[in-house]
$ cat final.cif   # mmCIF, C-alpha atoms
data_work
loop_
_atom_site.label_atom_id
_atom_site.label_comp_id
_atom_site.auth_asym_id
_atom_site.auth_seq_id
_atom_site.Cartn_x
_atom_site.Cartn_y
_atom_site.Cartn_z
CA MET V 103 116.28 113.84 87.33
CA VAL V 104 119.06 112.97 89.79
CA LYS V 105 122.44 112.96 88.11
CA ARG V 106 124.44 109.85 88.96
CA ALA V 107 128.10 110.14 89.74
CA GLY V 108 130.49 108.79 87.11
CA SER V 109 132.17 105.42 87.54
CA GLY V 110 135.47 107.15 88.33
CA THR V 111 133.87 109.09 91.17
CA ARG V 112 132.14 105.98 92.55
CA ALA V 113 135.40 104.02 92.38
CA THR V 114 137.20 106.82 94.25
CA GLU V 115 134.52 106.83 96.94
CA ALA V 116 134.71 103.04 97.30
CA TYR V 117 138.51 103.17 97.40
CA GLU V 118 138.48 105.80 100.16
CA ARG V 119 135.95 103.87 102.25
CA LEU V 120 137.78 100.57 101.85
CA ARG V 121 141.12 102.20 102.64
CA ARG V 122 139.73 103.80 105.78
CA ASP V 123 138.16 100.51 106.90
CA ILE V 124 141.48 98.71 106.42
CA PHE V 125 143.48 101.32 108.34
CA THR V 126 141.02 101.37 111.23
CA GLY V 127 140.96 97.58 111.50
CA ARG V 128 137.32 97.21 110.47
CA LEU V 129 138.55 95.02 107.63
CA THR V 130 141.15 92.77 109.19
CA PRO V 131 144.44 91.43 107.77
CA GLY V 132 143.92 88.34 105.64
CA GLN V 133 140.14 88.84 105.43
CA ARG V 134 138.64 87.74 102.15
CA LEU V 135 136.86 90.61 100.41
CA LYS V 136 133.65 89.12 99.04
CA PHE V 137 132.11 91.05 96.18
CA PRO V 138 128.42 90.32 96.96
CA VAL V 139 128.79 91.37 100.59
CA LEU V 140 130.81 94.50 99.86
CA CYS V 141 128.63 95.54 96.92
CA ALA V 142 125.63 95.55 99.25
CA GLU V 143 127.46 97.24 102.10
CA TYR V 144 129.09 99.95 99.97
CA GLU V 145 126.07 100.23 97.66
CA THR V 146 128.11 99.86 94.51
CA SER V 147 128.83 97.45 91.64
CA PRO V 148 131.49 94.75 91.17
CA SER V 149 133.17 96.76 88.41
CA VAL V 150 133.53 99.77 90.71
CA LEU V 151 134.95 97.58 93.49
CA ARG V 152 137.44 95.99 91.10
CA GLU V 153 138.70 99.43 90.14
CA ALA V 154 139.05 100.36 93.81
CA PHE V 155 140.81 97.07 94.59
CA THR V 156 143.29 97.62 91.77
CA LYS V 157 144.33 100.92 93.33
CA LEU V 158 144.52 99.40 96.81
CA ALA V 159 146.62 96.53 95.46
CA GLY V 160 149.07 99.10 94.08
CA GLU V 161 149.42 100.40 97.65
CA ARG V 162 149.88 96.85 98.96
CA LEU V 163 146.78 97.14 101.13
CA VAL V 164 144.94 94.28 99.42
CA THR V 165 146.31 91.17 97.75
CA PRO V 166 144.90 89.58 94.55
CA GLN V 167 144.10 85.89 94.94
CA PRO V 168 143.95 83.71 91.79
CA HIS V 169 140.31 82.88 91.00
CA GLN V 170 139.24 84.16 94.45
CA GLY V 171 139.23 87.94 94.20
CA TYR V 172 141.07 89.88 96.87
CA THR V 173 142.01 89.71 100.53
CA VAL V 174 143.18 92.40 102.93
CA ALA V 175 146.98 92.32 103.08
CA SER V 176 148.24 89.99 105.79
CA LEU V 177 150.47 91.20 108.60
CA SER V 178 153.02 88.92 110.12
CA VAL V 179 156.04 88.94 112.38
CA ALA V 180 158.18 87.37 109.65
CA GLU V 181 157.16 89.92 107.01
CA LEU V 182 157.61 92.92 109.29
CA THR V 183 160.98 91.63 110.46
CA ASP V 184 162.17 91.03 106.89
CA VAL V 185 161.03 94.40 105.59
CA THR V 186 162.52 96.21 108.58
CA ALA V 187 165.84 94.41 108.16
CA ALA V 188 165.95 95.55 104.53
CA ARG V 189 164.94 99.13 105.36
CA VAL V 190 167.48 99.63 108.15
CA GLU V 191 170.25 98.67 105.73
CA LEU V 192 169.11 100.34 102.53
CA GLU V 193 167.40 103.57 103.57
CA PRO V 194 170.17 104.87 105.88
CA LEU V 195 172.67 104.08 103.10
CA ALA V 196 170.70 106.23 100.66
CA PHE V 197 170.38 108.95 103.32
CA GLY V 198 174.12 108.85 103.98
CA LEU V 199 174.90 109.18 100.28
CA SER V 200 172.49 112.12 100.09
CA MET V 201 174.34 113.87 102.91
CA THR V 202 177.58 113.34 101.00
CA ALA V 203 176.44 114.13 97.47
CA GLY V 204 173.23 116.16 97.81
CA GLY V 205 173.38 119.76 96.66
CA ASP V 206 171.64 122.94 97.70
CA GLN V 207 168.38 121.82 96.12
CA TRP V 208 168.43 118.63 98.18
CA GLU V 209 168.83 120.67 101.37
CA ALA V 210 165.98 122.94 100.30
CA ASP V 211 163.76 119.94 99.60
CA VAL V 212 164.51 118.45 103.04
CA VAL V 213 163.74 121.78 104.76
CA ALA V 214 160.47 122.22 102.83
CA ALA V 215 159.33 118.63 103.45
CA HIS V 216 160.18 118.85 107.14
CA HIS V 217 158.34 122.15 107.50
CA LEU V 218 155.19 120.67 105.97
CA LEU V 219 155.43 117.60 108.22
CA SER V 220 155.83 119.90 111.24
CA LEU V 221 152.65 121.75 110.26
CA ARG V 222 150.76 118.48 109.98
CA GLU V 223 152.15 117.36 113.35
CA ARG V 224 150.60 120.42 115.01
CA GLU V 225 147.23 119.30 113.70
CA VAL V 226 147.48 115.89 115.38
CA SER V 227 145.16 115.48 118.34
CA ASP V 228 145.08 112.50 120.71
CA GLY V 229 147.47 110.61 118.46
CA ALA V 230 145.00 110.56 115.56
CA ARG V 231 147.00 111.03 112.37
CA GLY V 232 145.04 111.51 109.17
CA ASP V 233 146.04 111.01 105.56
CA GLU V 234 147.60 114.47 105.31
CA TRP V 235 150.10 113.60 108.04
CA TYR V 236 151.03 110.33 106.36
CA PHE V 237 151.44 112.02 102.96
CA ALA V 238 153.73 114.63 104.54
CA HIS V 239 155.61 111.88 106.40
CA GLU V 240 156.26 110.00 103.16
CA ALA V 241 157.37 113.19 101.41
CA PHE V 242 159.87 113.90 104.21
CA HIS V 243 161.39 110.42 104.11
CA ALA V 244 161.52 110.59 100.30
CA ALA V 245 163.32 113.94 100.52
CA LEU V 246 165.95 112.55 102.91
CA VAL V 247 167.14 109.99 100.35
CA SER V 248 166.45 111.99 97.18
CA GLY V 249 169.96 113.41 96.92
CA CYS V 250 171.82 110.09 96.87
CA GLY V 251 172.22 110.11 93.10
CA ASN V 252 171.07 106.51 92.63
CA ARG V 253 167.58 106.07 91.17
CA ARG V 254 167.45 102.39 92.03
CA LEU V 255 168.21 103.02 95.68
CA ILE V 256 165.55 105.72 95.79
CA ALA V 257 162.97 103.42 94.17
CA MET V 258 163.79 100.49 96.45
CA ALA V 259 163.58 102.69 99.54
CA ARG V 260 160.21 104.01 98.36
CA ASP V 261 158.86 100.50 97.76
CA LEU V 262 160.00 99.24 101.16
CA ARG V 263 158.32 102.21 102.86
CA ALA V 264 155.13 101.40 100.97
CA GLU V 265 155.22 97.84 102.26
CA THR V 266 155.32 99.08 105.85
CA GLU V 267 152.55 101.69 105.51
CA LEU V 268 149.84 99.53 107.07
CA TYR V 269 152.15 98.57 109.94
CA ARG V 270 152.98 102.24 110.44
CA ARG V 271 149.30 103.17 110.60
CA TRP V 272 148.59 100.42 113.10
CA ALA V 273 151.52 101.48 115.27
CA ALA V 274 150.18 105.03 115.71
CA PRO V 275 147.92 104.21 118.71
CA LEU V 276 150.95 102.70 120.48
CA LEU V 277 153.06 105.88 120.37
CA ALA V 278 151.88 107.24 123.72
CA GLU V 279 152.26 103.86 125.40
CA HIS V 280 155.92 103.74 124.33
CA ASP V 281 156.62 107.40 125.12
CA ARG V 282 157.62 108.05 121.53
CA ASP V 283 157.93 111.55 120.04
CA PRO V 284 157.92 111.32 116.21
CA ALA V 285 158.20 115.11 115.84
CA ALA V 286 161.46 115.14 117.82
CA GLU V 287 162.80 112.21 115.78
CA HIS V 288 162.02 113.97 112.51
CA GLN V 289 163.61 117.20 113.77
CA ALA V 290 166.78 115.30 114.65
CA LEU V 291 166.86 113.73 111.18
CA ALA V 292 166.44 117.12 109.51
CA ASP V 293 169.18 118.62 111.70
CA ALA V 294 171.59 115.80 110.83
CA ALA V 295 170.80 116.22 107.13
CA LEU V 296 171.57 119.95 107.16
CA ALA V 297 174.70 119.40 109.25
CA ARG V 298 175.83 116.71 106.76
CA ASP V 299 176.52 114.49 109.77
CA ARG V 300 176.42 111.16 108.00
CA GLU V 301 177.30 108.96 110.99
CA ALA V 302 174.66 110.52 113.24
CA GLY V 303 172.04 110.72 110.48
CA GLU V 304 172.36 107.07 109.50
CA LYS V 305 172.08 105.93 113.13
CA LEU V 306 169.07 108.16 113.76
CA LEU V 307 167.28 106.79 110.71
CA ARG V 308 168.04 103.17 111.62
CA ASP V 309 166.64 103.72 115.11
CA HIS V 310 163.63 105.60 113.72
CA ILE V 311 162.73 102.75 111.38
CA ALA V 312 163.32 100.00 113.93
CA PHE V 313 161.23 101.66 116.65
CA THR V 314 157.95 100.92 114.87
CA THR V 315 158.85 97.26 114.58
CA ARG V 316 159.75 97.02 118.26
CA MET V 317 156.35 98.51 119.16
CA LEU V 318 154.36 96.17 116.96
CA LEU V 319 156.11 92.83 117.37
CA PRO V 320 154.53 91.98 120.76
CA GLN V 321 151.04 92.66 119.38
CA LEU V 322 151.65 90.67 116.21
CA SER V 323 153.20 87.79 118.13
CA SER V 324 150.18 87.59 120.41
CA GLY V 325 147.73 87.90 117.51
CA ASP V 326 146.36 91.25 118.70
CA ASN V 327 145.05 93.87 116.27
CA PRO V 328 146.47 97.25 117.39
CA ALA V 329 144.02 99.24 115.27
CA ALA V 330 141.00 97.36 116.57
CA ALA V 331 142.26 97.57 120.15
CA SER V 332 142.64 101.32 119.76
CA ALA V 333 139.10 101.61 118.39
CA ASP V 334 137.78 99.56 121.32
CA ARG V 335 139.52 101.85 123.82
CA ALA V 336 138.08 104.89 122.08
#
$ encode --input "final.cif" --output "structure tokens"
Amino acid sequence: MVKRAGSGTRATEAYERLRRDIFTGRLTPGQRLKFPVLCAEYETSPSVLREAFTKLAGERLVTPQPHQGYTVASLSVAELTDVTAARVELEPLAFGLSMTAGGDQWEADVVAAHHLLSLREREVSDGARGDEWYFAHEAFHAALVSGCGNRRLIAMARDLRAETELYRRWAAPLLAEHDRDPAAEHQALADAALARDREAGEKLLRDHIAFTTRMLLPQLSSGDNPAAASADRA
């Protein structure tokens, strides 16, 4: 007799498929996620999908709608502009405080996180960044602010980064078009951290955060889907 996978395993599989389809633009921002359609397409049950949606909602990739289920998170010029404005003020502040107050362990954490991100960067081919790169990228940015000594600042910076994850994923195909070198930017941030150069580090981080917004705003303003456009070119 064939042994069926447990509900937890099925929910994980559904979550991973849905997440991939959102990041690649197959499921578009604002699209209503209809249970009957997705149950048939993903060959699973409503309860499994609900479990997957709950996890995706925690990552701000889907949005619960009262009495209507879920929709893919919407992207907008106003939202991206607001989140970026908050990030460029708060995250460099936390980074600056880390450079002032962070101890030896903070430096070690920054070095370790940057080394892992550098390893993942070497694995990138044709601009295609997988989950492992994004996990390492988040760990590096978390390490930069982790020595500030203020748990609320750290938590707010983390939450703002989470809100921009989908934008960040969609911006990846635009890197080559804008002659951007994320590896060099991350190296400069790590160098500033170890040099305790607060003025330079804060400016580098502000520019680093704002660059993604500058790349995406023309596409969002025109209604284009960068992820879908990249898939079409491929």
$ residues_around --input "final.cif" --residues "Thr183 in chain V" --least-positions-apart "6" --cutoff "10 Å" --atoms "all atoms listed in the file" --output "number ranges by chain"
V: 189, 312, 315-316, 319
$ closest_residue --input "final.cif" --among "V:Ala230, V:Ala295, V:Leu151, V:Met201" --to "Gly251 in chain V" --atoms "all atoms listed in the file"
V:Met201
$ closest_residue --input "final.cif" --among "V:Trp208, V:Trp235, V:Tyr269, V:Phe125" --to "Ser248 in chain V" --atoms "all atoms listed in the file"
V:Trp208
$ residues_near_point --input "final.cif" --point "(151.7, 100.3, 111.7)" --cutoff "10 Å" --atoms "all atoms listed in the file" --output "VMD selection string"
chain V and resid 125 177 182 266 to 276 314 to 315 317 to 318 328 to 329
$ atom_distance --input "final.cif" --atom1 "CA of Leu262 in chain V" --atom2 "CA of Val185 in chain V"
6.6 Å
$ closest_residue --input "final.cif" --among "V:Gln170, V:Thr156, V:Ser149, V:Leu246" --to "Ala210 in chain V" --atoms "only C-alpha atoms"
V:Leu246
$ resolve_selection --input "final.cif" --expression "the PyMOL selection byres ((chain V and resi 165) around 9)" --output "MDAnalysis selection string"
chainID V and resid 132 155 158:159 162:164 166:167 171:176
$ atom_distance --input "final.cif" --atom1 "CA of Ala259 in chain V" --atom2 "CA of Glu193 in chain V"
5.6 Å
$ resolve_selection --input "final.cif" --expression "the PyMOL selection byres ((chain V and resi 137) around 12)" --output "PDB file with C-alpha atoms, keeping the file's coordinate frame"
ATOM      1  CA  ARG V 134     138.640  87.740 102.150  1.00  0.00           C
ATOM      2  CA  LEU V 135     136.860  90.610 100.410  1.00  0.00           C
ATOM      3  CA  LYS V 136     133.650  89.120  99.040  1.00  0.00           C
ATOM      4  CA  PRO V 138     128.420  90.320  96.960  1.00  0.00           C
ATOM      5  CA  VAL V 139     128.790  91.370 100.590  1.00  0.00           C
ATOM      6  CA  LEU V 140     130.810  94.500  99.860  1.00  0.00           C
ATOM      7  CA  CYS V 141     128.630  95.540  96.920  1.00  0.00           C
ATOM      8  CA  ALA V 142     125.630  95.550  99.250  1.00  0.00           C
ATOM      9  CA  GLU V 143     127.460  97.240 102.100  1.00  0.00           C
ATOM     10  CA  TYR V 144     129.090  99.950  99.970  1.00  0.00           C
ATOM     11  CA  GLU V 145     126.070 100.230  97.660  1.00  0.00           C
ATOM     12  CA  THR V 146     128.110  99.860  94.510  1.00  0.00           C
ATOM     13  CA  SER V 147     128.830  97.450  91.640  1.00  0.00           C
ATOM     14  CA  PRO V 148     131.490  94.750  91.170  1.00  0.00           C
ATOM     15  CA  SER V 149     133.170  96.760  88.410  1.00  0.00           C
ATOM     16  CA  VAL V 150     133.530  99.770  90.710  1.00  0.00           C
ATOM     17  CA  LEU V 151     134.950  97.580  93.490  1.00  0.00           C
ATOM     18  CA  ARG V 152     137.440  95.990  91.100  1.00  0.00           C
ATOM     19  CA  ALA V 154     139.050 100.360  93.810  1.00  0.00           C
ATOM     20  CA  PHE V 155     140.810  97.070  94.590  1.00  0.00           C
ATOM     21  CA  GLN V 170     139.240  84.160  94.450  1.00  0.00           C
ATOM     22  CA  GLY V 171     139.230  87.940  94.200  1.00  0.00           C
ATOM     23  CA  TYR V 172     141.070  89.880  96.870  1.00  0.00           C
ATOM     24  CA  THR V 173     142.010  89.710 100.530  1.00  0.00           C
TER      25      THR V 173
END
$ residues_around --input "final.cif" --residues "range 296-305 of chain V" --least-positions-apart "2" --cutoff "10 Å" --atoms "only C-alpha atoms" --output "ChimeraX atom specification"
/V:190-191,193-204,206,208-210,212-213,246,290-294,307-310
$ resolve_selection --input "final.cif" --expression "the PyMOL selection byres ((chain V and resi 236) around 10)" --output "count of residues only"
17
$ closest_residue --input "final.cif" --among "V:Lys157, V:Ile256, V:Ile311, V:Ser178" --to "Leu120 in chain V" --atoms "only C-alpha atoms"
V:Lys157
$ atom_distance --input "final.cif" --atom1 "CA of Phe313 in chain V" --atom2 "CA of Gly160 in chain V"
25.8 Å
$ axis_aligned_box --input "final.cif" --around "range 303-307 of chain V" --padding-each-side "4 Å" --output "lines of an AutoDock Vina configuration file"
center_x = 169.8
center_y = 108.3
center_z = 111.6
size_x = 13.1
size_y = 12.8
size_z = 12.3
$ closest_residue --input "final.cif" --among "V:Ser323, V:Gln289, V:Asn252, V:Thr130" --to "His216 in chain V" --atoms "all atoms listed in the file"
V:Gln289
$ closest_residue --input "final.cif" --among "V:Arg119, V:Ala113, V:Ala257, V:Ala245" --to "Ala214 in chain V" --atoms "only C-alpha atoms"
V:Ala245
